[in-house]
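S.K.: Take a look at data_25.pdb, PDB, C-alpha atoms, pLDDT in the B column:
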```pdb
ATOM      1  CA  MET W   1     -28.299  25.246  38.584  1.00 66.00           C
ATOM      2  CA  ASP W   2     -26.858  28.510  39.911  1.00 88.00           C
ATOM      3  CA  LEU W   3     -23.563  28.612  41.803  1.00 91.00           C
ATOM      4  CA  GLY W   4     -25.107  29.630  45.154  1.00 92.00           C
ATOM      5  CA  LYS W   5     -27.532  26.713  45.149  1.00 93.00           C
ATOM      6  CA  LYS W   6     -24.699  24.363  44.099  1.00 92.00           C
ATOM      7  CA  ILE W   7     -22.486  25.514  47.026  1.00 92.00           C
ATOM      8  CA  PHE W   8     -25.421  25.095  49.435  1.00 95.00           C
ATOM      9  CA  GLU W   9     -26.209  21.529  48.246  1.00 94.00           C
ATOM     10  CA  LEU W  10     -22.549  20.420  48.224  1.00 94.00           C
ATOM     11  CA  ARG W  11     -21.983  21.905  51.716  1.00 94.00           C
ATOM     12  CA  LYS W  12     -25.009  20.029  53.068  1.00 95.00           C
ATOM     13  CA  LYS W  13     -23.953  16.844  51.285  1.00 94.00           C
ATOM     14  CA  ILE W  14     -20.594  16.711  53.106  1.00 93.00           C
ATOM     15  CA  GLY W  15     -22.198  17.847  56.392  1.00 94.00           C
ATOM     16  CA  LEU W  16     -20.561  21.231  56.937  1.00 94.00           C
ATOM     17  CA  SER W  17     -22.154  24.325  58.463  1.00 94.00           C
ATOM     18  CA  GLN W  18     -21.600  27.764  56.936  1.00 94.00           C
ATOM     19  CA  GLU W  19     -19.196  28.541  59.786  1.00 95.00           C
ATOM     20  CA  GLN W  20     -17.156  25.337  59.237  1.00 95.00           C
ATOM     21  CA  LEU W  21     -16.884  25.993  55.502  1.00 94.00           C
ATOM     22  CA  ALA W  22     -15.958  29.641  56.190  1.00 95.00           C
ATOM     23  CA  GLU W  23     -13.115  28.517  58.479  1.00 95.00           C
ATOM     24  CA  LYS W  24     -11.690  26.242  55.767  1.00 93.00           C
ATOM     25  CA  LEU W  25     -11.724  29.135  53.279  1.00 94.00           C
ATOM     26  CA  ASN W  26     -10.551  31.847  55.734  1.00 94.00           C
ATOM     27  CA  VAL W  27     -13.685  33.886  55.087  1.00 95.00           C
ATOM     28  CA  THR W  28     -16.653  34.889  57.275  1.00 95.00           C
ATOM     29  CA  ARG W  29     -19.909  32.991  57.656  1.00 95.00           C
ATOM     30  CA  GLN W  30     -21.678  35.963  56.082  1.00 96.00           C
ATOM     31  CA  THR W  31     -19.503  35.538  52.934  1.00 95.00           C
ATOM     32  CA  ILE W  32     -20.677  31.935  52.622  1.00 94.00           C
ATOM     33  CA  SER W  33     -24.274  33.092  53.150  1.00 95.00           C
ATOM     34  CA  LYS W  34     -23.923  35.749  50.420  1.00 96.00           C
ATOM     35  CA  TRP W  35     -22.501  33.132  48.021  1.00 94.00           C
ATOM     36  CA  GLU W  36     -25.398  30.756  48.711  1.00 93.00           C
ATOM     37  CA  LEU W  37     -27.910  33.598  48.179  1.00 95.00           C
ATOM     38  CA  ASN W  38     -26.147  34.578  44.920  1.00 93.00           C
ATOM     39  CA  GLU W  39     -25.469  38.076  46.239  1.00 94.00           C
ATOM     40  CA  THR W  40     -21.725  37.587  45.548  1.00 95.00           C
ATOM     41  CA  THR W  41     -19.519  34.856  44.068  1.00 93.00           C
ATOM     42  CA  PRO W  42     -16.207  33.389  45.154  1.00 95.00           C
ATOM     43  CA  ASP W  43     -13.095  34.487  43.275  1.00 94.00           C
ATOM     44  CA  ILE W  44     -11.125  31.937  41.263  1.00 93.00           C
ATOM     45  CA  LYS W  45      -8.796  31.031  44.164  1.00 94.00           C
ATOM     46  CA  GLN W  46     -11.737  30.501  46.501  1.00 94.00           C
ATOM     47  CA  ALA W  47     -13.574  28.489  43.836  1.00 93.00           C
ATOM     48  CA  LYS W  48     -10.517  26.253  43.468  1.00 94.00           C
ATOM     49  CA  ILE W  49     -10.420  25.627  47.229  1.00 94.00           C
ATOM     50  CA  LEU W  50     -14.176  24.934  47.192  1.00 94.00           C
ATOM     51  CA  SER W  51     -13.738  22.343  44.431  1.00 93.00           C
ATOM     52  CA  GLU W  52     -11.019  20.646  46.509  1.00 94.00           C
ATOM     53  CA  ILE W  53     -13.203  20.637  49.641  1.00 94.00           C
ATOM     54  CA  PHE W  54     -16.194  19.236  47.734  1.00 93.00           C
ATOM     55  CA  GLN W  55     -13.910  16.911  45.714  1.00 94.00           C
ATOM     56  CA  ILE W  56     -15.268  17.963  42.345  1.00 92.00           C
ATOM     57  CA  SER W  57     -13.748  19.774  39.384  1.00 89.00           C
ATOM     58  CA  LEU W  58     -14.115  23.512  38.878  1.00 89.00           C
ATOM     59  CA  ASP W  59     -16.199  22.735  35.785  1.00 86.00           C
ATOM     60  CA  GLU W  60     -18.633  20.714  37.895  1.00 86.00           C
ATOM     61  CA  LEU W  61     -18.751  23.440  40.544  1.00 88.00           C
ATOM     62  CA  VAL W  62     -19.783  26.143  38.091  1.00 87.00           C
ATOM     63  CA  ASP W  63     -21.825  23.814  35.836  1.00 81.00           C
ATOM     64  CA  ASN W  64     -19.491  24.383  32.935  1.00 80.00           C
ATOM     65  CA  ASN W  65     -20.665  21.949  30.246  1.00 74.00           C
ATOM     66  CA  ILE W  66     -17.437  20.820  28.624  1.00 73.00           C
ATOM     67  CA  GLU W  67     -19.264  18.033  26.799  1.00 73.00           C
ATOM     68  CA  LYS W  68     -19.976  20.315  23.816  1.00 73.00           C
ATOM     69  CA  ILE W  69     -16.303  21.278  23.625  1.00 74.00           C
ATOM     70  CA  LEU W  70     -15.216  17.655  23.829  1.00 74.00           C
ATOM     71  CA  VAL W  71     -17.810  16.559  21.276  1.00 77.00           C
ATOM     72  CA  GLY W  72     -16.619  19.322  18.951  1.00 76.00           C
ATOM     73  CA  LYS W  73     -12.995  18.276  19.345  1.00 80.00           C
ATOM     74  CA  VAL W  74     -13.834  14.593  18.852  1.00 81.00           C
ATOM     75  CA  SER W  75     -15.904  15.533  15.809  1.00 81.00           C
ATOM     76  CA  ASN W  76     -12.956  17.440  14.332  1.00 84.00           C
ATOM     77  CA  VAL W  77     -10.629  14.509  15.012  1.00 86.00           C
ATOM     78  CA  GLU W  78     -13.101  12.144  13.356  1.00 87.00           C
ATOM     79  CA  LYS W  79     -13.304  14.410  10.293  1.00 89.00           C
ATOM     80  CA  LEU W  80      -9.513  14.561  10.059  1.00 90.00           C
ATOM     81  CA  ALA W  81      -9.272  10.781  10.466  1.00 91.00           C
ATOM     82  CA  GLY W  82     -11.859  10.366   7.696  1.00 91.00           C
ATOM     83  CA  ILE W  83      -9.850  12.608   5.366  1.00 93.00           C
ATOM     84  CA  ILE W  84      -6.644  10.702   6.156  1.00 95.00           C
ATOM     85  CA  ILE W  85      -8.394   7.374   5.533  1.00 95.00           C
ATOM     86  CA  ASN W  86      -9.674   8.623   2.171  1.00 94.00           C
ATOM     87  CA  ILE W  87      -6.197   9.813   1.206  1.00 96.00           C
ATOM     88  CA  LEU W  88      -4.729   6.438   2.198  1.00 96.00           C
ATOM     89  CA  LYS W  89      -7.421   4.632   0.185  1.00 95.00           C
ATOM     90  CA  PHE W  90      -6.592   6.782  -2.856  1.00 95.00           C
ATOM     91  CA  ILE W  91      -2.867   6.091  -2.463  1.00 96.00           C
ATOM     92  CA  GLY W  92      -3.619   2.375  -2.047  1.00 95.00           C
ATOM     93  CA  ILE W  93      -5.723   2.326  -5.221  1.00 96.00           C
ATOM     94  CA  LEU W  94      -2.948   4.127  -7.121  1.00 96.00           C
ATOM     95  CA  PHE W  95      -0.416   1.604  -5.800  1.00 96.00           C
ATOM     96  CA  ILE W  96      -2.606  -1.326  -6.892  1.00 96.00           C
ATOM     97  CA  ILE W  97      -3.075   0.213 -10.351  1.00 96.00           C
ATOM     98  CA  TYR W  98       0.699   0.741 -10.575  1.00 96.00           C
ATOM     99  CA  CYS W  99       1.348  -2.907  -9.605  1.00 95.00           C
ATOM    100  CA  ILE W 100      -1.180  -4.162 -12.162  1.00 96.00           C
ATOM    101  CA  PHE W 101       0.377  -1.951 -14.848  1.00 95.00           C
ATOM    102  CA  LEU W 102       3.830  -3.225 -13.887  1.00 94.00           C
ATOM    103  CA  ILE W 103       2.710  -6.863 -14.095  1.00 94.00           C
ATOM    104  CA  ILE W 104       1.075  -6.267 -17.484  1.00 93.00           C
ATOM    105  CA  ALA W 105       4.229  -4.525 -18.744  1.00 92.00           C
ATOM    106  CA  VAL W 106       6.463  -7.369 -17.551  1.00 91.00           C
ATOM    107  CA  VAL W 107       4.198  -9.980 -19.169  1.00 90.00           C
ATOM    108  CA  PHE W 108       3.942  -7.968 -22.394  1.00 88.00           C
ATOM    109  CA  PHE W 109       7.691  -7.373 -22.720  1.00 86.00           C
ATOM    110  CA  THR W 110       8.505 -10.962 -21.755  1.00 83.00           C
ATOM    111  CA  THR W 111       6.083 -12.205 -24.417  1.00 80.00           C
ATOM    112  CA  LEU W 112       7.513  -9.737 -26.926  1.00 75.00           C
ATOM    113  CA  LYS W 113      11.047 -10.866 -26.091  1.00 67.00           C
ATOM    114  CA  ASP W 114      10.038 -14.530 -26.388  1.00 60.00           C
ATOM    115  CA  SER W 115       8.339 -13.900 -29.725  1.00 60.00           C
ATOM    116  CA  ASN W 116      11.498 -12.150 -30.974  1.00 54.00           C
ATOM    117  CA  ASN W 117      13.595 -15.084 -29.799  1.00 52.00           C
ATOM    118  CA  GLU W 118      11.222 -17.477 -31.504  1.00 50.00           C
ATOM    119  CA  GLN W 119      11.525 -15.539 -34.733  1.00 48.00           C
ATOM    120  CA  ILE W 120      15.298 -15.717 -34.536  1.00 49.00           C
ATOM    121  CA  SER W 121      15.366 -19.399 -33.632  1.00 48.00           C
ATOM    122  CA  ASN W 122      12.611 -20.338 -36.130  1.00 74.00           C
ATOM    123  CA  GLU W 123      14.713 -19.418 -39.135  1.00 81.00           C
ATOM    124  CA  LEU W 124      18.194 -20.871 -39.548  1.00 86.00           C
ATOM    125  CA  ALA W 125      20.750 -20.754 -42.340  1.00 87.00           C
ATOM    126  CA  LEU W 126      23.802 -22.997 -42.596  1.00 88.00           C
ATOM    127  CA  ASN W 127      26.847 -22.729 -44.820  1.00 89.00           C
ATOM    128  CA  CYS W 128      28.354 -26.160 -45.239  1.00 89.00           C
ATOM    129  CA  SER W 129      31.211 -27.503 -47.377  1.00 88.00           C
ATOM    130  CA  LEU W 130      31.836 -31.002 -48.667  1.00 83.00           C
ATOM    131  CA  ALA W 131      34.522 -32.017 -51.167  1.00 84.00           C
ATOM    132  CA  ASN W 132      35.293 -28.396 -52.069  1.00 85.00           C
ATOM    133  CA  LYS W 133      31.646 -27.693 -52.801  1.00 87.00           C
ATOM    134  CA  ASP W 134      29.652 -25.156 -50.735  1.00 86.00           C
ATOM    135  CA  TYR W 135      26.042 -25.714 -49.770  1.00 87.00           C
ATOM    136  CA  MET W 136      23.653 -23.018 -48.503  1.00 90.00           C
ATOM    137  CA  ILE W 137      20.910 -24.604 -46.389  1.00 88.00           C
ATOM    138  CA  SER W 138      17.867 -22.682 -45.063  1.00 89.00           C
ATOM    139  CA  ILE W 139      15.400 -24.167 -42.548  1.00 87.00           C
ATOM    140  CA  THR W 140      12.342 -22.618 -40.854  1.00 86.00           C
ATOM    141  CA  SER W 141       9.977 -23.998 -38.245  1.00 81.00           C
ATOM    142  CA  ASP W 142       7.009 -23.687 -40.597  1.00 83.00           C
ATOM    143  CA  GLY W 143       8.413 -26.541 -42.718  1.00 83.00           C
ATOM    144  CA  TYR W 144      10.471 -24.585 -45.239  1.00 87.00           C
ATOM    145  CA  PHE W 145      13.657 -26.284 -46.402  1.00 88.00           C
ATOM    146  CA  ASN W 146      15.965 -25.133 -49.139  1.00 89.00           C
ATOM    147  CA  CYS W 147      19.326 -26.308 -50.321  1.00 87.00           C
ATOM    148  CA  SER W 148      19.566 -24.594 -53.686  1.00 78.00           C
ATOM    149  CA  ASN W 149      22.827 -26.106 -54.836  1.00 84.00           C
ATOM    150  CA  CYS W 150      22.441 -29.592 -53.312  1.00 86.00           C
ATOM    151  CA  GLU W 151      22.182 -32.738 -55.420  1.00 85.00           C
ATOM    152  CA  LYS W 152      18.854 -34.529 -55.096  1.00 86.00           C
ATOM    153  CA  GLN W 153      20.314 -37.344 -52.946  1.00 85.00           C
ATOM    154  CA  VAL W 154      22.078 -34.941 -50.501  1.00 83.00           C
ATOM    155  CA  GLN W 155      18.954 -32.790 -50.379  1.00 85.00           C
ATOM    156  CA  GLU W 156      16.771 -35.836 -49.482  1.00 88.00           C
ATOM    157  CA  GLU W 157      19.261 -37.086 -46.841  1.00 87.00           C
ATOM    158  CA  ILE W 158      19.452 -33.668 -45.168  1.00 86.00           C
ATOM    159  CA  LYS W 159      15.673 -33.181 -45.309  1.00 87.00           C
ATOM    160  CA  ASN W 160      15.171 -36.559 -43.547  1.00 88.00           C
ATOM    161  CA  LEU W 161      17.394 -35.380 -40.673  1.00 86.00           C
ATOM    162  CA  ILE W 162      15.342 -32.261 -40.020  1.00 87.00           C
ATOM    163  CA  ASP W 163      12.668 -32.012 -37.309  1.00 85.00           C
ATOM    164  CA  PHE W 164      11.009 -28.657 -38.063  1.00 82.00           C
ATOM    165  CA  SER W 165       9.669 -28.299 -34.496  1.00 81.00           C
ATOM    166  CA  VAL W 166      13.176 -28.505 -32.961  1.00 83.00           C
ATOM    167  CA  LEU W 167      15.473 -26.547 -35.270  1.00 83.00           C
ATOM    168  CA  ASN W 168      18.510 -26.404 -32.987  1.00 84.00           C
ATOM    169  CA  LEU W 169      18.612 -30.204 -32.779  1.00 87.00           C
ATOM    170  CA  SER W 170      18.124 -30.398 -36.550  1.00 85.00           C
ATOM    171  CA  VAL W 171      21.114 -28.094 -37.086  1.00 88.00           C
ATOM    172  CA  LYS W 172      23.268 -30.428 -34.987  1.00 91.00           C
ATOM    173  CA  LYS W 173      22.105 -33.391 -37.054  1.00 90.00           C
ATOM    174  CA  VAL W 174      22.976 -31.580 -40.318  1.00 90.00           C
ATOM    175  CA  GLU W 175      26.400 -30.605 -38.928  1.00 91.00           C
ATOM    176  CA  ASN W 176      27.017 -34.224 -37.861  1.00 91.00           C
ATOM    177  CA  TYR W 177      25.952 -35.377 -41.341  1.00 89.00           C
ATOM    178  CA  PHE W 178      28.583 -33.175 -42.983  1.00 88.00           C
ATOM    179  CA  ASP W 179      31.216 -34.113 -40.356  1.00 91.00           C
ATOM    180  CA  SER W 180      30.631 -37.808 -41.078  1.00 90.00           C
ATOM    181  CA  LEU W 181      31.405 -37.155 -44.763  1.00 88.00           C
ATOM    182  CA  ASP W 182      34.578 -35.179 -43.893  1.00 89.00           C
ATOM    183  CA  GLY W 183      32.849 -31.845 -44.454  1.00 88.00           C
ATOM    184  CA  TYR W 184      31.933 -29.003 -42.118  1.00 89.00           C
ATOM    185  CA  CYS W 185      29.304 -26.365 -41.434  1.00 88.00           C
ATOM    186  CA  GLU W 186      29.569 -22.801 -40.213  1.00 84.00           C
TER     187      GLU W 186
END
```
Please re-express this file's structure in structure tokens.
M.R.:
Amino acid sequence: MDLGKKIFELRKKIGLSQEQLAEKLNVTRQTISKWELNETTPDIKQAKILSEIFQISLDELVDNNIEKILVGKVSNVEKLAGIIINILKFIGILFIIYCIFLIIAVVFFTTLKDSNNEQISNELALNCSLANKDYMISITSDGYFNCSNCEKQVQEEIKNLIDFSVLNLSVKKVENYFDSLDGYCE
């Protein structure tokens, strides 16, 4: 719709004559008539006053379609939001991968540490003395026992004290055995 026709319809809608509208704008009735016939157009100041009189925006008065501008801006914001969401998803995936890697590393190194501790604790050697005689005793959790310079009877007595699944307790029992015979172990 052209501006002249729009001014005419809005003037009629609020019930003003050309003369009444002209008085409000400090222009002549002929000026209003020329506007409505599209012979001339109001300047920006007059258009602003017209929009206030008709209680509409300047965009509505001149049929300025700002919808395309707004849709374009909203579209750009949506695109930017989509990019940001994709970046955040990527960062989130990297963080999850990092956490999984960290958990695997902790489990691996804990298991490795435990296996090293088991290897240390699964093989024990004792140096014991009894009546000025030294005995070298070796014990492992896989059932190995050796007392190379032990008499048969001492070897059997020590072997009966050993529980190969709990070597630390077995060491205590061997130490107690030598202590009870007035010997010692290192």
S.K.: For range 166-183 of chain W, work out the shell of residues within 10 Å, counting only C-alpha atoms and skipping chain neighbours fewer than 5 positions away, then give it as a ChimeraX atom specification.
M.R.: /W:121-134,137,139-141,154,157-161
S.K.: Using only C-alpha atoms, which residues sit within 12 Å of Glu60 in chain W once same-chain residues fewer than 3 positions away are excluded, as a PyMOL selection string?
M.R.: chain W and resi 1-3+6-7+10+47-48+50-52+54-57+63-67
S.K.: With all atoms of range 142-159 of chain W from the file as input, state the centre and edge lengths in Å to one decimal of the axis-aligned box that has 5 Å extra on each side, as AutoDock Vina command-line options.
M.R.:
```
--center_x 14.9 --center_y -30.5 --center_z -48.0 --size_x 25.8 --size_y 23.7 --size_z 24.8
```
S.K.: Check what the PyMOL selection byres ((chain W and resi 8) around 9) selects in the file above and give those residues as a ChimeraX atom specification.
M.R.: /W:3-7,9-13,18,32-33,35-37
S.K.: With only C-alpha atoms as the atoms that count, which of W:Cys150, W:Ile100, W:Ile49, W:Ile44 lies nearest to Leu25 in chain W?
M.R.: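 Nearest to Leu25 in chain W: W:Ile49.
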S.K.: Please determine, counting only C-alpha atoms, which residue among W:Asn38, W:Tyr135, W:Ile104, W:Ile53 has the shortest atom-to-atom distance to Ala22 in chain W.
M.R.: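 Closest candidate: W:Ile53.
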S.K.: Could you check how far CA of Asp142 in chain W sits from CA of Phe164 in chain W, in Å to one decimal?
M.R.: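 Between CA of Asp142 in chain W and CA of Phe164 in chain W the gap works out to 6.9 Å.
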S.K.: Suppose you want the space between CA of Lys24 in chain W and CA of Gln46 in chain W; what is it in Å?
M.R.: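 Pair CA of Lys24 in chain W / CA of Gln46 in chain W returns 10.2 Å.
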S.K.: Using Å and a single decimal, report how far CA of Ile96 in chain W sits from CA of Thr111 in chain W.
M.R.: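 Spanning CA of Thr111 in chain W to CA of Ile96 in chain W is a straight-line distance of 22.4 Å.
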S.K.: Taking only C-alpha atoms into account, which of W:Asp163, W:Met136, W:Phe95, W:Phe145 comes nearest Cys185 in chain W?
M.R.: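 Using only C-alpha atoms, Cys185 in chain W sits closest to W:Met136.
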